[in-house]
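These notes concern the structure reproduced below.
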Amino acid sequence: MSDSSQIVVDVEVGPREAERLGGAVLAWLIGEGVVLPRASDSAAGGEGHRPGPGWRTATAGSPAFRRLRTNGVEILVGRRVFDGGGNGIELRCGACRRRFEPALDAWSEAVGRWAEGDDGASFACPGCGKSRPLQGWRGPTPWGFGNLAVQFWNWPALSTGFVRALGKQLGHETVVVVSRV
């Protein structure tokens, strides 16, 4: 069985602010009882915080995930590109509303520029030609470009209200990326 995760990516925070804000968000999650204070080996990539007694404030899903070995929440600090893990690439232009699969070479080149530190890396719609920064592109399987993210391993779907509250704590725009590994 594969693991899945929901990654709430802050698409606006800068690298200097990310670590401080990540600590503040973790403190908020602990204070709300969403996660336990002590880190453990509960995340697929390393240490995470297991669900706390207030986990239901984040999701209305089944409690069965709490029995899984991998069910932690990680605070990820550092410049990263988050994608759906093989779910394909389909984008929707905010200007002309066209849905399309981007030319892989052009998209990969833009993603590479962003990953190497170009915050202004952009991509143009093949329909209308309107260019926008990568963080502004959306589609049915969103991508996230950011310096800070909160990754929920194997949790049921996060509620819209919780994602909104988490975004309020971050103080920035967020995007949720669903990934399977």
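Each chain of the structure tokens is named A, B, ... in the order shown, its residues numbered from 1; ligands are numbered from 1 in display order.
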
Rows by chain and residue number, region 45-85 of chain A within 7 Å of region 157-173 of chain A, shortest pair, only C-alpha atoms, as JSON lines:
{"residue": "A:Thr57", "atom": "CA", "partner": "A:Phe162", "partner_atom": "CA", "distance": 6.8}
{"residue": "A:Ala58", "atom": "CA", "partner": "A:Phe162", "partner_atom": "CA", "distance": 5.2}
{"residue": "A:Thr59", "atom": "CA", "partner": "A:Leu158", "partner_atom": "CA", "distance": 4.7}
{"residue": "A:Gly61", "atom": "CA", "partner": "A:Ala157", "partner_atom": "CA", "distance": 6.7}

Contacts of Gly127 (chain A) at 12 Å or less, counting only C-alpha atoms, minus same-chain residues fewer than 4 places along, as a compact mmCIF listing (two decimals) with C-alpha atoms, in the first residue's frame?
# COMPACT_ATOMS: atom_id res chain seq x y z
CA LEU A 91 -3.30 23.79 -16.06
CA ARG A 92 -6.09 26.34 -16.35
CA CYS A 93 -5.36 29.84 -17.55
CA GLY A 94 -6.75 32.51 -15.24
CA ALA A 95 -7.05 34.94 -18.18
CA CYS A 96 -8.73 32.94 -20.96
CA ARG A 97 -9.93 29.96 -18.81
CA ARG A 98 -8.40 27.46 -21.25
CA ARG A 99 -7.43 24.07 -19.79
CA PHE A 100 -4.35 22.45 -21.28
CA GLU A 101 -1.42 20.14 -20.73
CA PRO A 102 1.71 22.28 -20.94
CA SER A 131 2.42 34.85 -18.80

*Excluding same-chain residues fewer than 4 positions from Ser42 (chain A), what lies within 12 Å of it counting only C-alpha atoms, as a list in words?*
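Within the cut-off, the hits are Asp3, Val35, Leu36, Arg38, Gly46, Glu47, Gly48, His49, Arg50, Pro51, Phe65, Arg66, Arg67, Leu68, Arg69, Thr70, Asn71, Gly72, Val73, Glu74, Gln151, Phe152, Trp153, Asn154 and Trp155 of chain A.
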
_Contact residues around Asp10 (chain A) with only C-alpha atoms at 12 Å, ignoring same-chain residues under 5 positions, as a ChimeraX atom specification_ = /A:15,17-18,21-22,25,75-82,135,143-151,163-164,166-177

*Report as a PyMOL selection string: the residues of region 101-150 of chain A with a DSSP assignment of strand (DSSP E), based on the backbone of this structure.*
chain A and resi 122-124+131-133+144-150
